[in-house]
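Peer 1: Submitted below is the structure of interest, expressed as structure tokens.
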Amino acid sequence: MAKEKHQAVQLSPEQKARMKARAKQARRLEGGHPSLRGIIIKIILLAIVDAGAMFAALLLIAKHQWLYFGVELVITLIVNWLYLRRGHLPAKYLAPGVVLLVLFQISVVFFSGFIAFTNYGALHNGSKQDAMDSIKLSSMVTDTNAPFMYVSIVTNDKNGTTEFLATDTTDEKNPVYYIGGSDWASEPWHQLTASELSSVKIGDASDGTQIAISIAGTKALPLDQIIAKQAELSAMQVPLGANVDKAGFMAMDPSATGVQRTYYDAVYNAKNDTFTRQSDGKVFYADESIGFFDAKPGDPRSERVSDTGWRVNIGWGNFQRIFGDQSLQKPLLGIFSWTVIFALTSVITTFVLGLALALLFNDDRIRGKKIYRSIMILPYAFPAFLSAYVWKGMFNTNNGFINTSILNLQKGHMIPWLTEQGPARWAVLLCNLWLGFPYMFLITTGALQAIPGELTESAMIDGATPWQQFRLIKLPLLLISLAPLLISSFAFNFNNFTIIYLITGGGPSGDPSLRVDAGGTDILISFVYKIAFSTGVGADYGLASAFSILIFFIVGGISFFSFRRTQFLEDLA
């Protein structure tokens with residue numbers, strides 16, 4: 001009985017071989033048994049990675065970026081856990097790529113999505129506290145009614161702090177002397193008393209005026225040290241009272257020879273969250289919906305205390321601007337239609353030219369086909385930005401090669417290739433045709449060579465003409481394999497920022513009355529670039545991010561439905 005049971009579970013040679021193969025594969029996936037050298041190398045590499053992660057963590061902690069610190073900590077722990085344990089070999093190979101994908105792709109997408117719902121831009125690029133500090137700093141005004149005082153820089157012998165020793169020479173016969181430092185509590189600004197005057201040392205200013213050089217308990221700062229501390233001294237503020245916002249402070253003149261009363265014209269009230277302008281008493285309130293201090297919150301024409309604002313969440317505000325702002329709506333339809341025309345025309349023209357050349361050089365009767373094919377792909381091998389600059393020079397109206405040599409036009413009849421909308425669009429399309437046809441030539445050449453020769457031979461026997469062979473056999477088979485590449489080429493040209501930027505910069509310029517610069521050759525991506533990095537009305541990253549999301553859905557939607565339609569080509573074949 002036992003013998004029969006033993007025979008029942010006995011494995012065949014084939015089953016044993018398969019089990020050994022599985023065990024070998026399992027050991028391979030487990031990483032095998034690492035050598036001592038491999039363990040040491042792994043520990044060293046992990047130590048380098050951990051050191052870099054620790055350095056980045058310290059920087060994030062210093063800037064209080066707790067979210068990014070937490071993400072970095074989790075990723076570092078996962079990487080260490082993954083590489084210090086045995087097994088999971090595929091995950092060890094995939095981990096670096098996944099981490100880089102998250103850092104440089106996925107995180108960027110999520111960040112852009114977040115920015116699209118904010119007012120982030122040149123006027124709103126920081127926190128509210130940053131905006132208040134900037135407003136306060138920009139409102140610093142020199143009191144022209146206060147006397148200009150000659151200053152000597154001295155250091156306090158007790159604590160080593162720097163102080164201003166000033167001389168008011170309004171009455172030259174009876175000068176008045178003052179001294180004070182940055183700390184009102186320990187070094188208050190005050191006029192020298194009679195006892196202090198007795199220890200004042202008098203000297204000459206740079207223009208020969210008699211001024212106070214030092215006083216007992218202080219030491220005059222040497223010239224070389226004054227020069228070394230020039231930036232610190234220029235920013236030094238000596239309060240004139242306990243409340244610096246009301247009393248003001250003494251600050252150095254740009255000439256660095258004297259001091260004068262300075263004050264903040266915009267004073268912040270933390271209780272009411274307002275700024276009050278001291279020159280006219282006007283009050284500006286914090287408008288959290290737009291991130292500005294306005295005199296009348298909610299009124300878009302209201303006066304602001306400053307054009308410096310802070311970043312706030314505005315919800316769907318950027319998308320409402322895209323579809324509701326007349327200054328955007330007016331050029332947007334034209335830009336979108338030109339973008340579609342540019343992308344479609346570029347794909348069609350490059351495909352037709354590339355396919356025509358591929359058919360021409362696919363003929364066995366042509367000698368030296370390899371040489372000709374190599375010549376055809378030279379524009380593709382040459383750097384695109386250099387080709388673009390060469391074409392830009394050729395399109396020059398007065399001295400360009402196209403006008404003067406190819407077309408042989410006379411002055412007064414030159415084609416303004418880059419200065420008028422129509423010729424500029426043709427120039428962009430011609431340059432893009434030059435850069436794009438070699439790619440289409442390569443892929444169609446490969447696809448043509450993959451078509452079985454028996455199909456065309458059978459068609460010839462049946463009496464099909466060359467055109468019928470191409471239309472009924474070659475083209476359908478080509479489209480089946482090339483349709484995904486044509487769709488990706490359309491998506492690429494839909495966002496082909498490089499060629500537009502290098503040839504025309506989006507120009508010629510459009511309507512100057514609009515708040516945005518919408519050029520004659522601008523496609524959506526170059527238009528978004530101008531919004532994001534505009535130097536005229538200020539960069540608007542939030543609006544640009546909202547446009548980027550729309551472009552993503554447009555290109556994604558077109559690509560999705562185009563891929564669905566490729567099933568029709570397969571059915572046709």
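The way I read the labels, and the way they are meant: chains A, B, ... in the order of the structure tokens, residue 1 as the first residue of every chain, and ligand 1 as the first ligand shown, with later ones counted on from there.
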I want to know what sits within 9 Å of Cys431 of chain A, based on only C-alpha atoms, with residues of the same chain fewer than 5 positions away left out; could you give that as a list in words?

Peer 2: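 Near Cys431 of chain A, the qualifying residues are Ser387, Ala388, Trp391, Lys392, Trp426, Gly436, Ile499 and Ile503 of chain A.
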
Peer 1: Limited to N, CA and C atoms, could you put the picked residues into a file as an mmCIF file, in the first residue's frame?

Peer 2:
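out24.cif written:
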```cif
data_model
loop_
_atom_site.group_PDB
_atom_site.id
_atom_site.type_symbol
_atom_site.label_atom_id
_atom_site.label_comp_id
_atom_site.auth_asym_id
_atom_site.auth_seq_id
_atom_site.Cartn_x
_atom_site.Cartn_y
_atom_site.Cartn_z
ATOM 1 N N SER A 387 18.508 74.996 -36.406
ATOM 2 C CA SER A 387 17.758 75.074 -37.667
ATOM 3 C C SER A 387 16.758 76.228 -37.628
ATOM 4 N N ALA A 388 16.109 76.399 -36.479
ATOM 5 C CA ALA A 388 15.121 77.476 -36.363
ATOM 6 C C ALA A 388 15.776 78.845 -36.535
ATOM 7 N N TRP A 391 16.585 79.376 -40.214
ATOM 8 C CA TRP A 391 15.377 79.738 -40.950
ATOM 9 C C TRP A 391 14.945 81.177 -40.637
ATOM 10 N N LYS A 392 15.111 81.585 -39.387
ATOM 11 C CA LYS A 392 14.745 82.949 -39.024
ATOM 12 C C LYS A 392 15.587 83.961 -39.797
ATOM 13 N N TRP A 426 2.897 81.266 -42.466
ATOM 14 C CA TRP A 426 3.489 80.416 -43.503
ATOM 15 C C TRP A 426 4.949 80.111 -43.181
ATOM 16 N N GLY A 436 10.123 68.444 -39.479
ATOM 17 C CA GLY A 436 9.293 67.278 -39.178
ATOM 18 C C GLY A 436 9.278 66.184 -40.218
ATOM 19 N N ILE A 499 9.285 75.946 -31.706
ATOM 20 C CA ILE A 499 9.352 76.517 -33.047
ATOM 21 C C ILE A 499 8.707 77.907 -33.087
ATOM 22 N N ILE A 503 11.160 81.217 -33.842
ATOM 23 C CA ILE A 503 10.982 81.867 -35.144
ATOM 24 C C ILE A 503 10.337 83.249 -34.993
#
```

Peer 1: Please return as JSON, numbers by chain: the residues of segment 196-391 of chain A that backbone DSSP assigns to strand (DSSP E or B).

Peer 2: {"A": [201, 202, 203, 204, 210, 211, 212, 213, 214, 218, 219, 220, 238, 239, 249, 250, 251, 252, 258, 259, 260, 261, 262, 263, 264, 266, 267, 268, 269, 274, 275, 276, 277, 283, 284, 285, 286, 287, 292, 293, 294, 304, 313]}

Peer 1: Please return, as an NGL selection string, all residues of segment 101-145 of chain A that DSSP assigns to helix (DSSP H, G or I) on the basis of the backbone.

Peer 2: :A and (101-115 or 128-138)

Peer 1: Would you save the residues from that selection as a tab-separated table (two decimals), in the first residue's frame, using N, CA, C and O atoms?

Peer 2:
```
chain	number	residue	atom	x	y	z
A	101	LEU	N	9.93	59.69	-11.03
A	101	LEU	CA	8.66	59.98	-11.67
A	101	LEU	C	7.77	60.81	-10.75
A	101	LEU	O	7.14	61.79	-11.18
A	102	VAL	N	7.74	60.43	-9.47
A	102	VAL	CA	6.93	61.18	-8.51
A	102	VAL	C	7.47	62.60	-8.32
A	102	VAL	O	6.71	63.58	-8.29
A	103	LEU	N	8.79	62.73	-8.23
A	103	LEU	CA	9.39	64.03	-7.96
A	103	LEU	C	9.25	65.00	-9.12
A	103	LEU	O	8.90	66.17	-8.94
A	104	PHE	N	9.50	64.50	-10.34
A	104	PHE	CA	9.61	65.41	-11.49
A	104	PHE	C	8.41	65.39	-12.42
A	104	PHE	O	8.34	66.22	-13.34
A	105	GLN	N	7.47	64.49	-12.21
A	105	GLN	CA	6.30	64.45	-13.08
A	105	GLN	C	5.01	64.60	-12.28
A	105	GLN	O	4.28	65.57	-12.43
A	106	ILE	N	4.74	63.63	-11.42
A	106	ILE	CA	3.46	63.61	-10.72
A	106	ILE	C	3.34	64.82	-9.78
A	106	ILE	O	2.29	65.48	-9.74
A	107	SER	N	4.41	65.12	-9.04
A	107	SER	CA	4.34	66.26	-8.12
A	107	SER	C	4.13	67.57	-8.87
A	107	SER	O	3.41	68.46	-8.40
A	108	VAL	N	4.74	67.69	-10.05
A	108	VAL	CA	4.57	68.91	-10.86
A	108	VAL	C	3.13	69.05	-11.32
A	108	VAL	O	2.56	70.15	-11.31
A	109	VAL	N	2.53	67.93	-11.71
A	109	VAL	CA	1.13	67.96	-12.16
A	109	VAL	C	0.22	68.39	-11.02
A	109	VAL	O	-0.65	69.26	-11.19
A	110	PHE	N	0.42	67.81	-9.84
A	110	PHE	CA	-0.41	68.17	-8.69
A	110	PHE	C	-0.18	69.62	-8.28
A	110	PHE	O	-1.12	70.34	-7.91
A	111	PHE	N	1.08	70.07	-8.35
A	111	PHE	CA	1.38	71.46	-7.99
A	111	PHE	C	0.71	72.42	-8.96
A	111	PHE	O	0.14	73.44	-8.54
A	112	SER	N	0.75	72.11	-10.25
A	112	SER	CA	0.09	72.96	-11.24
A	112	SER	C	-1.42	73.00	-11.00
A	112	SER	O	-2.05	74.05	-11.13
A	113	GLY	N	-1.98	71.82	-10.67
A	113	GLY	CA	-3.40	71.78	-10.36
A	113	GLY	C	-3.76	72.62	-9.15
A	113	GLY	O	-4.79	73.32	-9.14
A	114	PHE	N	-2.89	72.62	-8.14
A	114	PHE	CA	-3.13	73.44	-6.95
A	114	PHE	C	-3.03	74.94	-7.30
A	114	PHE	O	-3.87	75.74	-6.88
A	115	ILE	N	-1.99	75.30	-8.06
A	115	ILE	CA	-1.78	76.71	-8.40
A	115	ILE	C	-2.94	77.25	-9.24
A	115	ILE	O	-3.28	78.44	-9.17
A	128	LYS	N	0.75	86.38	3.41
A	128	LYS	CA	0.21	87.68	3.81
A	128	LYS	C	1.24	88.46	4.63
A	128	LYS	O	1.36	89.68	4.47
A	129	GLN	N	1.98	87.76	5.48
A	129	GLN	CA	3.01	88.43	6.28
A	129	GLN	C	4.10	89.02	5.38
A	129	GLN	O	4.58	90.13	5.61
A	130	ASP	N	4.48	88.26	4.34
A	130	ASP	CA	5.47	88.78	3.38
A	130	ASP	C	4.95	90.04	2.70
A	130	ASP	O	5.71	91.00	2.49
A	131	ALA	N	3.66	90.04	2.35
A	131	ALA	CA	3.08	91.21	1.69
A	131	ALA	C	3.08	92.42	2.63
A	131	ALA	O	3.40	93.54	2.21
A	132	MET	N	2.72	92.19	3.89
A	132	MET	CA	2.70	93.30	4.85
A	132	MET	C	4.09	93.87	5.07
A	132	MET	O	4.27	95.09	5.15
A	133	ASP	N	5.08	93.00	5.15
A	133	ASP	CA	6.46	93.48	5.31
A	133	ASP	C	6.90	94.30	4.10
A	133	ASP	O	7.55	95.34	4.25
A	134	SER	N	6.52	93.83	2.91
A	134	SER	CA	6.89	94.56	1.70
A	134	SER	C	6.18	95.90	1.61
A	134	SER	O	6.78	96.92	1.22
A	135	ILE	N	4.89	95.93	1.99
A	135	ILE	CA	4.14	97.19	1.97
A	135	ILE	C	4.75	98.18	2.94
A	135	ILE	O	4.92	99.38	2.62
A	136	LYS	N	5.08	97.70	4.11
A	136	LYS	CA	5.67	98.58	5.13
A	136	LYS	C	7.02	99.13	4.66
A	136	LYS	O	7.31	100.32	4.80
A	137	LEU	N	7.81	98.26	4.06
A	137	LEU	CA	9.13	98.69	3.59
A	137	LEU	C	9.02	99.69	2.45
A	137	LEU	O	9.76	100.68	2.39
A	138	SER	N	8.07	99.44	1.53
A	138	SER	CA	7.93	100.34	0.38
A	138	SER	C	7.32	101.69	0.77
A	138	SER	O	7.41	102.65	0.00
```

Peer 1: Which residues, written as a PyMOL selection string, have at least one atom at most 9 Å from Asn119 of chain A, with only C-alpha atoms counted and residues fewer than 6 positions away on the same chain left out?

Peer 2: chain A and resi 125+290-291+310-314+317-318+540-543

Peer 1: Excluding segment 408-412 of chain A and any residue of its chain fewer than 5 positions from it, enumerate the residues within 12 Å of it, using only C-alpha atoms, and give them as a list of chain:residue names.

Peer 2: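 Non-adjacent residues within range: A:Thr397, A:Asn398, A:Asn399, A:Gly400, A:Phe401, A:Ile402, A:Asn403.
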
Peer 1: With distances taken over only C-alpha atoms, which of A:Ser206, A:Thr445, A:Ser289, A:Thr76 is nearest to Gly315 of chain A?

Peer 2: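 Result for the nearest residue to Gly315 of chain A: A:Ser289.
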
Peer 1: Taking only C-alpha atoms into account, which of A:Gly463, A:Gly309, A:Pro379, A:Gly505 comes nearest Val428 of chain A?

Peer 2: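 Closest candidate: A:Gly505.
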
Peer 1: Under the rule that only C-alpha atoms are counted, which of A:Leu77, A:Val305, A:Ile500, A:Ile366 is the nearest residue to Val49 of chain A?

Peer 2: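 Result for the nearest residue to Val49 of chain A: A:Leu77.
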
Peer 1: Between atom CA of Ser526 of chain A and atom CA of Gly506 of chain A, what is the distance, to one decimal in Å?

Peer 2: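 Separation of atom CA of Ser526 of chain A and atom CA of Gly506 of chain A: 6.6 Å.
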
Peer 1: Would you pick out the contacts of segment 226-228 of chain A at 12 Å or less, using only C-alpha atoms, so that residues sharing its chain but fewer than 2 positions from it are not included, and give the list as a ChimeraX atom specification?

Peer 2: /A:152-155,162,220-224,230-234,256-257

Peer 1: Put those residues in a file: C-alpha atoms, as a JSON list (two decimals), in the first residue's frame.

Peer 2:
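See out20.json below for the written result:
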```
[["chain", "number", "residue", "atom", "x", "y", "z"],
["A", 152, "SER", "CA", 29.43, 109.66, 13.28],
["A", 153, "ILE", "CA", 29.27, 105.89, 13.75],
["A", 154, "VAL", "CA", 30.33, 104.85, 17.25],
["A", 155, "THR", "CA", 30.32, 101.62, 19.24],
["A", 162, "THR", "CA", 26.54, 100.40, 17.06],
["A", 220, "ALA", "CA", 34.47, 105.99, 16.87],
["A", 221, "LEU", "CA", 34.25, 103.28, 14.23],
["A", 222, "PRO", "CA", 37.25, 103.32, 11.84],
["A", 223, "LEU", "CA", 36.62, 104.09, 8.18],
["A", 224, "ASP", "CA", 37.51, 100.58, 6.99],
["A", 230, "GLN", "CA", 27.94, 99.67, 4.77],
["A", 231, "ALA", "CA", 24.95, 97.41, 4.02],
["A", 232, "GLU", "CA", 24.22, 96.89, 7.73],
["A", 233, "LEU", "CA", 24.46, 100.61, 8.48],
["A", 234, "SER", "CA", 22.23, 101.54, 5.52],
["A", 256, "ALA", "CA", 26.26, 107.89, 4.23],
["A", 257, "THR", "CA", 27.32, 111.25, 5.73]]
```

Peer 1: Do you have the atom CA of Ala546 of chain A-atom CA of Val528 of chain A distance handy?

Peer 2: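 Computing the Euclidean distance for atom CA of Ala546 of chain A and atom CA of Val528 of chain A yields 9.4 Å.
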
Peer 1: Near Ile75 of chain A, within 12 Å and counting only C-alpha atoms, which residues show up once chain neighbours fewer than 3 positions away are dropped, as a ChimeraX atom specification?

Peer 2: /A:49-50,53,57,68-72,78-82,95-96,98-100,102-103

Peer 1: Can those selected residues be exported to a file as a compact mmCIF listing (two decimals), in the first residue's frame so that it contains all heavy atoms?

Peer 2:
```txt
# COMPACT_ATOMS: atom_id res chain seq x y z
N VAL A 49 22.95 58.24 -0.08
CA VAL A 49 21.56 58.66 -0.30
C VAL A 49 20.98 59.27 0.97
O VAL A 49 20.33 60.32 0.96
CB VAL A 49 20.71 57.47 -0.78
CG1 VAL A 49 19.23 57.85 -0.82
CG2 VAL A 49 21.17 57.02 -2.16
N ASP A 50 21.21 58.62 2.12
CA ASP A 50 20.67 59.12 3.39
C ASP A 50 21.30 60.45 3.77
O ASP A 50 20.62 61.32 4.35
CB ASP A 50 20.92 58.09 4.49
CG ASP A 50 20.06 56.84 4.32
OD1 ASP A 50 19.08 56.92 3.57
OD2 ASP A 50 20.39 55.80 4.91
N ALA A 53 19.57 62.99 1.72
CA ALA A 53 18.21 63.18 2.23
C ALA A 53 18.21 63.97 3.53
O ALA A 53 17.35 64.83 3.76
CB ALA A 53 17.55 61.82 2.44
N ALA A 57 16.47 67.46 4.25
CA ALA A 57 15.52 67.56 5.35
C ALA A 57 15.82 68.76 6.23
O ALA A 57 14.92 69.46 6.69
CB ALA A 57 15.55 66.27 6.18
N TYR A 68 6.55 68.80 2.77
CA TYR A 68 7.61 68.23 1.95
C TYR A 68 8.59 67.42 2.80
O TYR A 68 9.12 66.40 2.34
CB TYR A 68 8.35 69.34 1.20
CG TYR A 68 7.49 70.06 0.18
CD1 TYR A 68 7.06 71.35 0.40
CD2 TYR A 68 7.10 69.42 -1.00
CE1 TYR A 68 6.27 72.01 -0.53
CE2 TYR A 68 6.32 70.07 -1.93
CZ TYR A 68 5.90 71.35 -1.68
OH TYR A 68 5.11 72.00 -2.60
N PHE A 69 8.82 67.88 4.03
CA PHE A 69 9.70 67.12 4.93
C PHE A 69 9.10 65.75 5.22
O PHE A 69 9.82 64.74 5.23
CB PHE A 69 9.91 67.91 6.23
CG PHE A 69 10.57 67.11 7.31
CD1 PHE A 69 11.92 66.78 7.24
CD2 PHE A 69 9.83 66.64 8.40
CE1 PHE A 69 12.52 66.03 8.24
CE2 PHE A 69 10.42 65.90 9.39
CZ PHE A 69 11.77 65.59 9.31
N GLY A 70 7.80 65.70 5.48
CA GLY A 70 7.15 64.42 5.75
C GLY A 70 7.21 63.48 4.56
O GLY A 70 7.48 62.28 4.71
N VAL A 71 6.97 64.02 3.36
CA VAL A 71 7.03 63.20 2.16
C VAL A 71 8.44 62.66 1.95
O VAL A 71 8.64 61.48 1.65
CB VAL A 71 6.57 64.02 0.93
CG1 VAL A 71 6.83 63.24 -0.36
CG2 VAL A 71 5.11 64.38 1.05
N GLU A 72 9.44 63.53 2.12
CA GLU A 72 10.83 63.09 1.94
C GLU A 72 11.21 62.03 2.96
O GLU A 72 11.89 61.05 2.65
CB GLU A 72 11.77 64.29 2.06
CG GLU A 72 13.19 63.97 1.62
CD GLU A 72 14.22 64.62 2.52
OE1 GLU A 72 13.86 65.18 3.55
OE2 GLU A 72 15.40 64.53 2.19
N ILE A 78 11.19 54.21 3.08
CA ILE A 78 10.80 53.13 2.17
C ILE A 78 12.00 52.62 1.38
O ILE A 78 12.20 51.41 1.22
CB ILE A 78 9.68 53.61 1.22
CG1 ILE A 78 8.39 53.85 2.01
CG2 ILE A 78 9.45 52.60 0.10
CD1 ILE A 78 7.27 54.44 1.17
N VAL A 79 12.83 53.56 0.89
CA VAL A 79 14.01 53.17 0.12
C VAL A 79 14.96 52.35 0.99
O VAL A 79 15.48 51.31 0.56
CB VAL A 79 14.72 54.42 -0.44
CG1 VAL A 79 16.09 54.06 -1.00
CG2 VAL A 79 13.86 55.06 -1.53
N ASN A 80 15.19 52.78 2.22
CA ASN A 80 16.08 52.02 3.11
C ASN A 80 15.51 50.65 3.43
O ASN A 80 16.23 49.65 3.44
CB ASN A 80 16.33 52.82 4.40
CG ASN A 80 17.37 53.90 4.23
OD1 ASN A 80 18.55 53.67 4.42
ND2 ASN A 80 16.93 55.09 3.84
N TRP A 81 14.23 50.60 3.72
CA TRP A 81 13.58 49.31 4.03
C TRP A 81 13.66 48.36 2.83
O TRP A 81 13.91 47.17 2.97
CB TRP A 81 12.13 49.55 4.42
CG TRP A 81 11.33 48.29 4.57
CD1 TRP A 81 11.32 47.45 5.64
CD2 TRP A 81 10.44 47.73 3.60
NE1 TRP A 81 10.49 46.39 5.40
CE2 TRP A 81 9.93 46.54 4.15
CE3 TRP A 81 10.04 48.10 2.33
CZ2 TRP A 81 9.02 45.73 3.48
CZ3 TRP A 81 9.14 47.30 1.65
CH2 TRP A 81 8.64 46.13 2.22
N LEU A 82 13.49 48.93 1.63
CA LEU A 82 13.46 48.09 0.44
C LEU A 82 14.83 47.50 0.13
O LEU A 82 14.95 46.32 -0.22
CB LEU A 82 12.96 48.93 -0.75
CG LEU A 82 12.81 48.21 -2.09
CD1 LEU A 82 11.76 47.11 -1.99
CD2 LEU A 82 12.40 49.21 -3.17
N ALA A 95 12.27 51.09 -8.07
CA ALA A 95 12.17 52.16 -7.08
C ALA A 95 12.78 53.48 -7.55
O ALA A 95 12.15 54.54 -7.42
CB ALA A 95 12.81 51.71 -5.77
N PRO A 96 14.03 53.51 -8.08
CA PRO A 96 14.59 54.81 -8.51
C PRO A 96 13.74 55.51 -9.55
O PRO A 96 13.52 56.73 -9.47
CB PRO A 96 15.97 54.43 -9.06
CG PRO A 96 16.30 53.13 -8.42
CD PRO A 96 15.01 52.41 -8.27
N VAL A 98 10.52 55.14 -10.09
CA VAL A 98 9.26 55.58 -9.51
C VAL A 98 9.46 56.85 -8.69
O VAL A 98 8.66 57.79 -8.76
CB VAL A 98 8.66 54.46 -8.63
CG1 VAL A 98 7.46 54.98 -7.85
CG2 VAL A 98 8.26 53.27 -9.49
N VAL A 99 10.54 56.90 -7.90
CA VAL A 99 10.82 58.09 -7.10
C VAL A 99 11.03 59.31 -7.99
O VAL A 99 10.48 60.39 -7.74
CB VAL A 99 12.06 57.85 -6.21
CG1 VAL A 99 12.49 59.16 -5.55
CG2 VAL A 99 11.76 56.80 -5.15
N LEU A 100 11.82 59.17 -9.05
CA LEU A 100 12.05 60.29 -9.96
C LEU A 100 10.77 60.69 -10.68
O LEU A 100 10.54 61.87 -10.93
CB LEU A 100 13.14 59.91 -10.97
CG LEU A 100 14.54 59.70 -10.38
CD1 LEU A 100 15.51 59.24 -11.46
CD2 LEU A 100 15.06 60.97 -9.73
N VAL A 102 7.74 60.43 -9.47
CA VAL A 102 6.93 61.18 -8.51
C VAL A 102 7.47 62.60 -8.32
O VAL A 102 6.71 63.58 -8.29
CB VAL A 102 6.90 60.43 -7.15
CG1 VAL A 102 6.24 61.29 -6.08
CG2 VAL A 102 6.14 59.12 -7.30
N LEU A 103 8.79 62.73 -8.23
CA LEU A 103 9.39 64.03 -7.96
C LEU A 103 9.25 65.00 -9.12
O LEU A 103 8.90 66.17 -8.94
CB LEU A 103 10.87 63.87 -7.60
CG LEU A 103 11.19 63.22 -6.25
CD1 LEU A 103 12.68 63.07 -6.09
CD2 LEU A 103 10.62 64.04 -5.11
```
